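work10.cif, holding mmCIF, C-alpha atoms:
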```
data_my_file
#
loop_
_atom_site.label_atom_id
_atom_site.label_comp_id
_atom_site.auth_asym_id
_atom_site.auth_seq_id
_atom_site.Cartn_x
_atom_site.Cartn_y
_atom_site.Cartn_z
CA MET E 1 -17.58 25.77 6.51
CA THR E 2 -17.02 27.04 2.98
CA PRO E 3 -19.58 26.57 0.19
CA HIS E 4 -16.74 26.76 -2.33
CA PRO E 5 -14.24 23.93 -1.68
CA ASP E 6 -11.55 22.93 -4.14
CA LEU E 7 -12.94 19.42 -4.42
CA ILE E 8 -16.28 17.74 -3.75
CA VAL E 9 -16.26 13.97 -3.30
CA LEU E 10 -19.60 12.18 -3.53
CA GLY E 11 -19.25 8.97 -1.55
CA ALA E 12 -17.30 8.09 1.61
CA GLY E 13 -16.34 4.53 0.76
CA SER E 14 -12.76 3.37 0.32
CA GLY E 15 -12.23 5.24 -2.95
CA GLY E 16 -13.92 8.45 -1.86
CA LEU E 17 -12.05 8.55 1.44
CA ALA E 18 -8.72 7.91 -0.28
CA THR E 19 -9.38 10.74 -2.72
CA ALA E 20 -10.50 13.21 -0.07
CA LEU E 21 -7.68 12.48 2.37
CA ARG E 22 -4.93 12.60 -0.27
CA ALA E 23 -6.29 15.87 -1.69
CA ALA E 24 -6.42 17.37 1.83
CA GLU E 25 -2.86 16.19 2.39
CA HIS E 26 -1.88 18.33 -0.59
CA GLY E 27 -3.61 21.34 0.97
CA ALA E 28 -6.93 21.23 -0.90
CA HIS E 29 -10.20 22.24 0.77
CA VAL E 30 -12.38 19.14 0.45
CA ALA E 31 -16.08 18.47 0.97
CA LEU E 32 -17.00 14.81 1.52
CA VAL E 33 -20.68 14.04 0.94
CA ASP E 34 -22.35 10.78 1.97
CA PRO E 35 -25.50 10.12 4.03
CA ALA E 36 -24.13 6.85 5.38
CA THR E 37 -21.26 5.77 7.61
CA LEU E 38 -17.61 6.10 6.62
CA GLY E 39 -16.09 3.11 4.85
CA GLY E 40 -18.84 2.22 2.39
CA THR E 41 -19.44 -1.27 1.06
CA CYS E 42 -15.92 -2.58 1.65
CA VAL E 43 -15.92 -1.91 5.38
CA HIS E 44 -19.56 -2.55 6.22
CA ARG E 45 -21.05 -4.92 3.62
CA GLY E 46 -18.16 -6.32 1.62
CA CYS E 47 -14.46 -7.06 1.91
CA VAL E 48 -14.01 -6.67 5.67
CA PRO E 49 -17.03 -8.57 7.08
CA LYS E 50 -16.65 -11.17 4.31
CA LYS E 51 -13.00 -11.72 5.19
CA ALA E 52 -13.97 -12.07 8.86
CA LEU E 53 -16.40 -14.86 7.92
CA TRP E 54 -13.72 -16.41 5.72
CA PHE E 55 -11.32 -16.44 8.68
CA ALA E 56 -14.02 -18.17 10.73
CA ALA E 57 -14.27 -20.82 8.00
CA GLN E 58 -10.48 -21.27 8.02
CA TRP E 59 -10.47 -21.64 11.79
CA GLU E 60 -13.17 -24.30 11.51
CA GLN E 61 -10.90 -26.26 9.20
CA ALA E 62 -7.90 -25.62 11.45
CA GLN E 63 -9.81 -27.14 14.38
CA ARG E 64 -10.41 -30.34 12.42
CA LEU E 65 -6.82 -30.57 11.19
CA ALA E 66 -5.52 -29.99 14.72
CA VAL E 67 -7.54 -32.96 15.99
CA ASP E 68 -6.27 -35.09 13.10
CA VAL E 69 -2.63 -34.47 14.08
CA GLY E 70 -3.03 -35.08 17.80
CA PHE E 71 -4.76 -32.20 19.60
CA ALA E 72 -7.35 -33.42 22.08
CA SER E 73 -10.04 -30.74 21.72
CA GLN E 74 -13.00 -31.59 19.53
CA PRO E 75 -14.14 -28.93 17.05
CA GLY E 76 -17.41 -27.21 17.81
CA PRO E 77 -19.82 -24.98 15.89
CA LEU E 78 -19.40 -21.23 15.56
CA ASP E 79 -21.13 -19.11 18.21
CA TRP E 80 -22.68 -16.70 15.72
CA ALA E 81 -23.84 -14.16 18.30
CA ARG E 82 -20.34 -13.85 19.76
CA PHE E 83 -18.75 -13.79 16.32
CA ARG E 84 -21.06 -11.00 15.13
CA ALA E 85 -20.22 -8.94 18.22
CA VAL E 86 -16.48 -9.40 17.68
CA ARG E 87 -16.81 -8.49 14.00
CA ALA E 88 -18.95 -5.43 14.80
CA ARG E 89 -16.35 -4.11 17.26
CA TYR E 90 -13.63 -4.51 14.65
CA ILE E 91 -15.64 -2.63 12.02
CA GLU E 92 -16.60 0.09 14.48
CA GLY E 93 -12.89 0.59 15.13
CA ILE E 94 -12.19 1.04 11.43
CA GLU E 95 -14.98 3.58 11.08
CA ALA E 96 -13.78 5.49 14.16
CA ARG E 97 -10.24 5.70 12.78
CA TYR E 98 -11.58 6.98 9.47
CA GLY E 99 -13.54 9.63 11.34
CA GLU E 100 -10.43 10.75 13.21
CA ARG E 101 -8.45 10.99 9.97
CA VAL E 102 -11.18 13.00 8.26
CA GLN E 103 -11.34 15.37 11.21
CA ARG E 104 -7.55 15.81 11.42
CA ALA E 105 -7.40 16.52 7.70
CA ASN E 106 -10.07 19.25 8.05
CA VAL E 107 -12.23 17.56 5.44
CA GLN E 108 -15.77 18.97 5.61
CA ARG E 109 -18.22 16.12 5.99
CA PHE E 110 -21.83 16.41 4.89
CA ARG E 111 -24.03 13.46 5.95
CA GLN E 112 -26.69 14.01 3.32
CA ARG E 113 -27.71 12.77 -0.07
CA ALA E 114 -26.71 14.96 -2.97
CA ARG E 115 -27.05 15.33 -6.72
CA LEU E 116 -25.35 17.26 -9.44
CA ALA E 117 -27.01 20.59 -10.16
CA GLY E 118 -24.43 21.70 -12.74
CA ARG E 119 -20.99 20.77 -14.00
CA ASP E 120 -19.47 22.40 -10.90
CA VAL E 121 -22.42 22.42 -8.48
CA VAL E 122 -23.72 19.84 -6.01
CA GLU E 123 -27.06 20.29 -4.28
CA LEU E 124 -27.51 18.62 -0.89
CA ALA E 125 -30.79 17.14 0.33
CA ASP E 126 -31.45 20.19 2.54
CA GLY E 127 -31.10 22.55 -0.43
CA THR E 128 -27.56 23.71 0.34
CA ARG E 129 -25.44 24.15 -2.78
CA LEU E 130 -21.70 23.56 -2.94
CA ARG E 131 -19.57 24.71 -5.86
CA ALA E 132 -16.13 23.33 -6.78
CA PRO E 133 -13.96 23.13 -9.91
CA HIS E 134 -13.59 19.36 -9.39
CA ILE E 135 -16.31 16.86 -8.45
CA VAL E 136 -15.51 13.17 -7.97
CA ILE E 137 -18.27 10.56 -8.15
CA ALA E 138 -17.37 7.72 -5.80
CA THR E 139 -20.80 6.47 -4.82
CA GLY E 140 -20.03 2.75 -5.14
CA GLY E 141 -22.54 0.03 -5.94
CA ARG E 142 -25.12 -2.31 -4.48
CA PRO E 143 -26.31 -5.88 -5.09
CA ARG E 144 -28.33 -6.35 -8.26
CA ARG E 145 -31.96 -7.26 -7.74
CA LEU E 146 -34.04 -9.12 -10.33
CA PRO E 147 -37.74 -8.56 -11.16
CA LEU E 148 -38.59 -12.20 -10.51
CA PRO E 149 -41.55 -13.60 -8.55
CA GLY E 150 -40.37 -14.41 -5.05
CA PHE E 151 -37.02 -12.64 -5.39
CA ASP E 152 -37.41 -11.09 -1.93
CA LEU E 153 -37.72 -14.54 -0.38
CA GLY E 154 -33.96 -14.79 -0.90
CA MET E 155 -31.02 -12.76 0.38
CA VAL E 156 -28.47 -10.58 -1.38
CA SER E 157 -24.88 -10.39 -0.20
CA ASP E 158 -25.59 -7.53 2.24
CA ASP E 159 -28.01 -9.78 4.12
CA ILE E 160 -25.49 -12.54 4.80
CA PHE E 161 -23.86 -10.45 7.50
CA ALA E 162 -27.10 -10.30 9.49
CA LEU E 163 -27.36 -14.09 9.79
CA SER E 164 -27.71 -15.30 13.37
CA THR E 165 -27.14 -18.93 12.46
CA CYS E 166 -25.85 -20.97 9.55
CA PRO E 167 -28.62 -22.12 7.17
CA ARG E 168 -28.84 -25.91 6.99
CA ARG E 169 -29.60 -25.94 3.25
CA ILE E 170 -28.81 -22.95 1.04
CA ALA E 171 -28.97 -22.35 -2.70
CA ILE E 172 -26.64 -19.74 -4.21
CA VAL E 173 -27.67 -18.36 -7.60
CA GLY E 174 -24.63 -17.07 -9.49
CA GLY E 175 -21.12 -18.08 -10.46
CA GLY E 176 -18.98 -15.02 -9.77
CA TYR E 177 -16.56 -14.36 -6.96
CA ILE E 178 -19.27 -13.44 -4.44
CA ALA E 179 -21.12 -16.72 -5.11
CA VAL E 180 -17.94 -18.80 -4.93
CA GLU E 181 -16.68 -17.13 -1.74
CA PHE E 182 -19.93 -17.52 0.18
CA ALA E 183 -20.35 -21.09 -1.05
CA GLY E 184 -17.01 -22.06 0.47
CA LEU E 185 -17.33 -20.30 3.79
CA LEU E 186 -20.96 -21.30 4.39
CA GLN E 187 -20.16 -24.93 3.60
CA ALA E 188 -17.23 -24.82 6.03
CA LEU E 189 -19.47 -23.38 8.73
CA GLY E 190 -22.08 -26.12 8.36
CA SER E 191 -24.40 -25.43 5.42
CA GLU E 192 -25.33 -27.84 2.65
CA VAL E 193 -24.58 -25.66 -0.37
CA THR E 194 -25.90 -25.86 -3.93
CA MET E 195 -24.67 -23.38 -6.55
CA LEU E 196 -26.75 -22.60 -9.64
CA ALA E 197 -24.68 -20.86 -12.32
CA ARG E 198 -25.67 -19.84 -15.82
CA GLU E 199 -22.23 -20.50 -17.30
CA GLN E 200 -18.76 -21.22 -15.97
CA LEU E 201 -17.50 -20.10 -12.59
CA LEU E 202 -15.27 -17.06 -12.17
CA GLN E 203 -15.08 -15.65 -15.68
CA GLY E 204 -11.81 -13.79 -16.15
CA PHE E 205 -9.74 -16.22 -14.11
CA ASP E 206 -7.59 -18.91 -15.70
CA ASP E 207 -9.76 -21.83 -16.84
CA GLU E 208 -7.38 -24.49 -15.58
CA LEU E 209 -7.29 -23.13 -12.05
CA VAL E 210 -11.04 -22.55 -12.00
CA GLN E 211 -11.55 -26.20 -12.91
CA ALA E 212 -9.18 -27.22 -10.13
CA LEU E 213 -11.12 -25.05 -7.66
CA ALA E 214 -14.39 -26.59 -8.84
CA ALA E 215 -12.91 -30.02 -8.08
CA HIS E 216 -12.05 -28.85 -4.55
CA MET E 217 -15.61 -27.57 -4.11
CA HIS E 218 -17.04 -30.87 -5.29
CA GLY E 219 -14.80 -32.70 -2.82
CA GLN E 220 -16.11 -30.51 -0.02
CA GLY E 221 -19.68 -31.48 -0.86
CA ILE E 222 -20.71 -28.28 -2.66
CA ARG E 223 -23.07 -29.09 -5.53
CA VAL E 224 -22.56 -26.94 -8.66
CA ARG E 225 -25.05 -26.95 -11.52
CA TYR E 226 -24.43 -25.03 -14.75
CA ASN E 227 -26.77 -23.72 -17.45
CA THR E 228 -29.45 -22.87 -14.91
CA ASP E 229 -31.84 -19.94 -15.05
CA VAL E 230 -34.10 -19.63 -12.01
CA LYS E 231 -37.36 -17.90 -12.96
CA ALA E 232 -39.18 -17.71 -9.64
CA VAL E 233 -39.07 -18.72 -5.97
CA ARG E 234 -41.91 -20.13 -3.88
CA ARG E 235 -42.15 -20.70 -0.15
CA THR E 236 -43.65 -24.02 0.92
CA ALA E 237 -43.98 -25.80 4.24
CA ALA E 238 -40.82 -27.75 3.38
CA GLY E 239 -38.80 -24.67 2.41
CA LEU E 240 -38.00 -22.56 -0.65
CA LEU E 241 -38.54 -24.07 -4.10
CA LEU E 242 -36.89 -22.72 -7.26
CA ASP E 243 -38.88 -22.73 -10.48
CA ASP E 244 -37.04 -23.80 -13.66
CA ALA E 245 -34.08 -25.14 -11.69
CA PRO E 246 -33.05 -28.68 -12.72
CA THR E 247 -34.71 -31.54 -10.90
CA GLY E 248 -32.74 -32.45 -7.82
CA VAL E 249 -31.50 -28.93 -7.18
CA ASP E 250 -34.86 -27.13 -7.18
CA GLY E 251 -35.20 -27.46 -3.43
CA PRO E 252 -36.44 -27.31 -0.84
CA TYR E 253 -33.94 -24.92 0.78
CA ASP E 254 -33.89 -23.10 4.09
CA ALA E 255 -32.24 -20.05 2.54
CA LEU E 256 -31.39 -18.60 -0.86
CA LEU E 257 -28.62 -16.17 -1.82
CA TRP E 258 -28.82 -14.17 -5.02
CA ALA E 259 -25.26 -13.42 -6.18
CA VAL E 260 -26.17 -12.09 -9.62
CA GLY E 261 -23.91 -9.08 -9.89
CA ARG E 262 -23.87 -5.50 -8.70
CA VAL E 263 -25.18 -2.19 -10.02
CA PRO E 264 -23.68 1.28 -9.54
CA ASN E 265 -25.26 3.86 -7.23
CA THR E 266 -25.65 6.43 -10.00
CA ASP E 267 -29.36 6.45 -10.79
CA ASP E 268 -30.28 9.47 -8.62
CA LEU E 269 -27.21 11.67 -9.07
CA GLY E 270 -28.58 13.91 -11.84
CA LEU E 271 -26.04 12.63 -14.36
CA THR E 272 -28.35 12.87 -17.36
CA ALA E 273 -29.25 16.50 -16.69
CA VAL E 274 -25.59 17.45 -16.56
CA GLY E 275 -24.73 15.33 -19.61
CA VAL E 276 -22.43 12.78 -17.95
CA ARG E 277 -22.29 9.61 -20.05
CA THR E 278 -22.89 6.18 -18.54
CA ASP E 279 -22.76 2.70 -20.04
CA LYS E 280 -25.77 0.38 -20.31
CA ARG E 281 -25.21 -0.80 -16.74
CA GLY E 282 -25.30 2.75 -15.40
CA ARG E 283 -21.56 3.00 -14.69
CA VAL E 284 -20.00 6.40 -15.32
CA GLN E 285 -17.71 6.22 -18.35
CA VAL E 286 -14.18 7.42 -17.60
CA ASP E 287 -10.86 7.58 -19.41
CA ALA E 288 -7.48 6.51 -18.03
CA ARG E 289 -7.35 9.70 -15.93
CA GLN E 290 -10.81 9.14 -14.37
CA GLN E 291 -12.23 12.02 -16.40
CA THR E 292 -15.81 11.84 -17.67
CA ASN E 293 -17.00 13.54 -20.84
CA VAL E 294 -17.90 16.61 -18.75
CA GLU E 295 -14.94 18.78 -17.78
CA GLY E 296 -14.35 18.86 -14.04
CA ILE E 297 -16.50 15.79 -13.25
CA LEU E 298 -14.55 12.62 -12.53
CA ALA E 299 -15.46 9.15 -11.28
CA ILE E 300 -13.73 6.28 -9.51
CA GLY E 301 -14.54 2.87 -8.06
CA ASP E 302 -17.64 0.76 -8.58
CA ALA E 303 -19.65 3.75 -9.82
CA SER E 304 -17.31 4.00 -12.82
CA THR E 305 -16.23 1.71 -15.64
CA ASP E 306 -13.02 0.88 -13.77
CA ARG E 307 -12.53 -2.66 -12.51
CA ALA E 308 -14.67 -3.15 -9.40
CA LEU E 309 -12.00 -3.80 -6.76
CA THR E 310 -11.36 -1.76 -3.62
CA PRO E 311 -7.59 -1.32 -4.25
CA VAL E 312 -8.37 -0.06 -7.76
CA ALA E 313 -10.70 2.61 -6.37
CA VAL E 314 -8.18 3.61 -3.70
CA ALA E 315 -5.27 3.85 -6.14
CA ALA E 316 -7.34 5.72 -8.74
CA GLY E 317 -8.47 8.25 -6.14
CA ARG E 318 -5.00 8.88 -4.77
CA HIS E 319 -3.47 9.30 -8.22
CA LEU E 320 -6.29 11.65 -9.13
CA ALA E 321 -5.65 13.81 -6.06
CA ASP E 322 -1.91 13.78 -6.77
CA ARG E 323 -2.56 15.06 -10.29
CA LEU E 324 -5.07 17.74 -9.33
CA PHE E 325 -3.43 19.07 -6.19
CA GLY E 326 -0.03 17.43 -5.75
CA GLY E 327 1.91 18.82 -8.69
CA GLN E 328 2.03 15.46 -10.50
CA PRO E 329 0.42 16.19 -13.89
CA ASP E 330 0.94 12.67 -15.23
CA ALA E 331 -0.36 10.76 -12.21
CA HIS E 332 -3.05 8.21 -13.07
CA LEU E 333 -4.01 4.63 -12.35
CA ASP E 334 -2.09 1.96 -14.26
CA GLY E 335 -4.84 -0.50 -15.06
CA LYS E 336 -2.51 -3.27 -16.25
CA ASN E 337 -1.56 -6.33 -14.22
CA ILE E 338 -4.02 -5.81 -11.39
CA PRO E 339 -3.69 -8.63 -8.84
CA SER E 340 -6.87 -10.22 -7.56
CA VAL E 341 -7.79 -12.95 -5.08
CA VAL E 342 -10.99 -14.91 -4.65
CA PHE E 343 -11.35 -15.90 -0.99
CA SER E 344 -12.65 -19.31 -1.92
CA LYS E 345 -11.79 -22.54 -0.14
CA PRO E 346 -8.91 -22.74 -0.90
CA PRO E 347 -8.18 -19.21 -2.16
CA LEU E 348 -7.48 -18.52 -5.83
CA GLY E 349 -5.21 -15.66 -6.88
CA MET E 350 -3.95 -14.19 -10.13
CA VAL E 351 -2.01 -11.30 -11.59
CA GLY E 352 -1.54 -10.60 -15.28
CA MET E 353 -2.87 -12.61 -18.21
CA THR E 354 -4.59 -15.96 -18.24
CA GLU E 355 -3.15 -18.60 -20.56
CA ALA E 356 -6.03 -18.13 -23.03
CA HIS E 357 -5.59 -14.36 -23.01
CA ALA E 358 -1.85 -14.62 -23.61
CA ARG E 359 -2.27 -17.05 -26.51
CA GLY E 360 -4.88 -14.79 -28.07
CA HIS E 361 -2.99 -11.51 -27.73
CA HIS E 362 0.71 -12.30 -28.13
CA GLY E 363 2.37 -12.99 -31.45
CA GLU E 364 5.33 -14.50 -29.61
CA PRO E 365 5.37 -18.13 -28.43
CA VAL E 366 3.64 -18.76 -25.10
CA THR E 367 5.24 -21.14 -22.60
CA VAL E 368 3.37 -22.41 -19.57
CA TYR E 369 4.83 -23.92 -16.39
CA HIS E 370 2.87 -25.81 -13.73
CA SER E 371 3.32 -27.13 -10.23
CA ARG E 372 0.84 -29.43 -8.50
CA PHE E 373 1.51 -30.52 -4.95
CA THR E 374 -0.16 -31.34 -1.66
CA PRO E 375 0.50 -28.51 0.87
CA MET E 376 2.42 -29.70 3.89
CA GLN E 377 -0.31 -28.80 6.41
CA TRP E 378 -2.80 -30.91 4.45
CA ALA E 379 -0.42 -33.82 3.94
CA LEU E 380 0.38 -33.96 7.67
CA ALA E 381 -3.31 -34.26 8.48
CA GLY E 382 -4.01 -36.79 5.74
CA GLU E 383 -5.89 -34.38 3.48
CA GLN E 384 -5.79 -35.31 -0.21
CA GLY E 385 -6.30 -31.97 -2.02
CA GLN E 386 -3.64 -30.33 -4.16
CA SER E 387 -2.47 -26.79 -4.75
CA LEU E 388 -1.91 -25.65 -8.33
CA MET E 389 0.46 -22.91 -9.45
CA LYS E 390 1.00 -21.69 -12.98
CA LEU E 391 3.30 -19.31 -14.83
CA VAL E 392 2.41 -17.91 -18.26
CA CYS E 393 5.49 -16.70 -20.17
CA VAL E 394 5.96 -15.16 -23.63
CA GLY E 395 8.84 -14.92 -26.09
CA ALA E 396 12.38 -16.20 -26.12
CA GLU E 397 13.06 -14.17 -22.97
CA GLU E 398 10.18 -15.96 -21.25
CA ARG E 399 8.83 -12.76 -19.79
CA VAL E 400 6.24 -13.68 -17.17
CA VAL E 401 2.88 -12.19 -18.14
CA GLY E 402 0.65 -14.21 -15.81
CA ILE E 403 0.95 -15.80 -12.37
CA HIS E 404 -1.89 -17.96 -11.08
CA ALA E 405 -2.11 -19.84 -7.80
CA LEU E 406 -4.69 -21.96 -5.99
CA GLY E 407 -4.13 -23.23 -2.47
CA PRO E 408 -3.69 -22.32 1.19
CA GLY E 409 -1.84 -19.04 1.68
CA VAL E 410 -1.84 -17.83 -1.94
CA ASP E 411 -3.79 -14.72 -0.88
CA GLU E 412 -0.76 -13.58 1.11
CA MET E 413 2.09 -14.84 -1.08
CA LEU E 414 0.95 -13.34 -4.38
CA GLN E 415 1.51 -9.67 -3.48
CA GLY E 416 5.30 -9.79 -3.78
CA PHE E 417 5.18 -11.73 -7.03
CA ALA E 418 2.81 -9.10 -8.41
CA VAL E 419 5.49 -6.45 -7.83
CA ALA E 420 8.02 -8.56 -9.71
CA LEU E 421 5.67 -9.14 -12.65
CA LYS E 422 4.96 -5.42 -12.91
CA LEU E 423 8.71 -4.72 -13.07
CA GLY E 424 9.24 -7.09 -16.02
CA LEU E 425 9.88 -10.46 -14.36
CA ARG E 426 11.41 -13.20 -16.50
CA LYS E 427 11.38 -16.92 -15.85
CA ARG E 428 15.14 -16.96 -15.35
CA ASP E 429 14.75 -14.38 -12.56
CA LEU E 430 12.58 -16.86 -10.70
CA ASP E 431 15.07 -19.65 -11.42
CA ALA E 432 17.85 -17.52 -9.93
CA THR E 433 15.89 -16.85 -6.72
CA LEU E 434 16.66 -19.07 -3.72
CA ALA E 435 13.64 -20.88 -2.37
CA ILE E 436 12.34 -20.48 1.17
CA HIS E 437 11.87 -24.05 2.36
CA PRO E 438 9.55 -25.66 3.28
CA THR E 439 6.83 -23.35 1.94
CA SER E 440 4.22 -23.41 -0.78
CA SER E 441 5.50 -20.17 -2.30
CA GLU E 442 8.84 -21.81 -3.17
CA GLU E 443 7.01 -23.72 -5.90
CA LEU E 444 6.81 -20.48 -7.90
CA VAL E 445 10.63 -20.29 -8.10
CA LEU E 446 11.25 -24.02 -8.67
CA MET E 447 9.11 -24.76 -11.72
CA ARG E 448 10.77 -26.62 -14.60
#
```

With the file now loaded, output its structure as structure tokens.
Amino acid sequence: MTPHPDLIVLGAGSGGLATALRAAEHGAHVALVDPATLGGTCVHRGCVPKKALWFAAQWEQAQRLAVDVGFASQPGPLDWARFRAVRARYIEGIEARYGERVQRANVQRFRQRARLAGRDVVELADGTRLRAPHIVIATGGRPRRLPLPGFDLGMVSDDIFALSTCPRRIAIVGGGYIAVEFAGLLQALGSEVTMLAREQLLQGFDDELVQALAAHMHGQGIRVRYNTDVKAVRRTAAGLLLDDAPTGVDGPYDALLWAVGRVPNTDDLGLTAVGVRTDKRGRVQVDARQQTNVEGILAIGDASTDRALTPVAVAAGRHLADRLFGGQPDAHLDGKNIPSVVFSKPPLGMVGMTEAHARGHHGEPVTVYHSRFTPMQWALAGEQGQSLMKLVCVGAEERVVGIHALGPGVDEMLQGFAVALKLGLRKRDLDATLAIHPTSSEELVLMR
């Protein structure tokens, strides 16, 4: 165990692990510091357990559709105890594989809290000091908590995964992707869901597709109220009541989820003493190469000002390690055209610019193509909802600068189209591509 590694990584979430393992692959001596389990938020309190719940919601719908088309079995409720055990085993497997990779790579793991004690020094909780020319902050984030009376009567996103049953009536405060995702999956699993949002849903996604998703949510029985600002929560014999919520959606509820954003885990790292700049939200300010204003200190993932998505953290960390130790001096994250999916019901995906963004930032003419259709699996079962797909193109060449899709399966189909957009896709390239029939993805190459 050397006190002088080449690289110290603070945080063993997806981004920190990617950085440490890639650096070790290049021959660097790496110290990985985190008091918690390997995998961070994504594996234990975010993407992975959320996607497992989302699958459960999809299977609930699949049961109903199967009955509608002739299967004899009647759908039943989710056995939450069994589901939690299955999910836990899956997550334990991921963590075990991470541990094996860390061990094989000879990455030194320190399961302690730590803080910066200098521009090249990290002090562990037991007083041990490590020194390295490069320190990466990858400490992730946590759910935001509000100083409101009764806040602790509700849950934050971490708490959802401890549920042993589906709440009968739940209020979700927020309008971002966490709020929208949990609204859809909890409704599918049996909850009566009311969403209380300050403004529109899913800021940053294309307005037209967000409106279409909101229509789906309304059709599923999810109540959405805008321009709300809950000031307090009270417990009564009938359930939870929300102060300052509009009449009719103020309760009572059996459960409450606060989905009001996330904050970075940077408040106890000693950043101020070392002179590392943060923004007003506490995120470490970085440039395009993940460098902070202090030489040798870098940051990635949710602790930084990068976009808060797991693949962004992973890519940034790998490129950073390639540049520092892999002989690739120009390696860095390309922050343009980042694909993203909301695991709503149905899922909503995008890559590139929204229509509004394109019209506001391109001097060239903007052309938009649409396709609305009922997916075959819904039509067979008599479901009435529609998918919506949209291409945003600019200039005489009709270069595709935005692809947006709402409907079953878009979470899987969008990845390949994201590659094409990044390589300079034009509308005529889609026109020249033979469709795979019958599929939903063929709509993206058949638009007129």

*What does the PyMOL selection byres ((chain E and resi 102-119) around 9) select in this file, as a VMD selection string?*
chain E and resid 1 to 2 5 10 17 20 to 21 24 to 25 29 to 37 97 to 101 120 to 126 129 131 133 to 135 268 to 271 273 to 275 294 to 297

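Comparing E:Gly416, E:Gly221, E:Gly174, E:Gly352 by their smallest distance to Val392 of chain E, the closest is E:Gly352 (using only C-alpha atoms).
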
*Do you know which residues are at most 6 Å from Leu189 of chain E counting all atoms listed in the file, after dropping those on the same chain fewer than 2 positions away, and could you put them as a PyMOL selection string?*
chain E and resi 57+186-187

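We find atom CA of Asp322 of chain E and atom CA of Pro339 of chain E to be spaced 22.6 Å apart.
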
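With atom CA of Gly424 of chain E on one side and atom CA of Val400 of chain E on the other, the separation reads 7.3 Å.
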
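For the residues E:Ala255, E:Leu148, E:Leu209, E:Ala96, ranking by smallest atom-to-atom distance to Ser191 of chain E using only C-alpha atoms places E:Ala255 first.
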
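Going from atom CA of Ser340 of chain E to atom CA of Ala313 of chain E covers 13.4 Å.
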
*With only C-alpha atoms as the basis for distance, which of E:Gly176, E:Gly190, E:Gly127, E:Pro75 is at the shortest distance from Gln203 of chain E?*
E:Gly176

*Test item: the PyMOL selection byres ((chain E and resi 225-240) around 8) resolved as a PyMOL selection string*: chain E and resi 148-151+153+173+194-200+223-224+241-246+251-256

*Looking at E:Ser14, E:Gln220, E:Gln328, E:Gln290, which one is nearest to Pro311 of chain E, with distances taken over only C-alpha atoms?*
E:Ser14

_Explicit residues for the PyMOL selection byres ((chain E and resi 144-146) around 9) (as a ChimeraX atom specification)_ = /E:141-143,147-149,151-152,156,258-263

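Residue nearest Ala212 of chain E, chosen from E:Ile137, E:Leu380, E:Leu388, E:Ala356 and counting all atoms listed in the file: E:Leu388.
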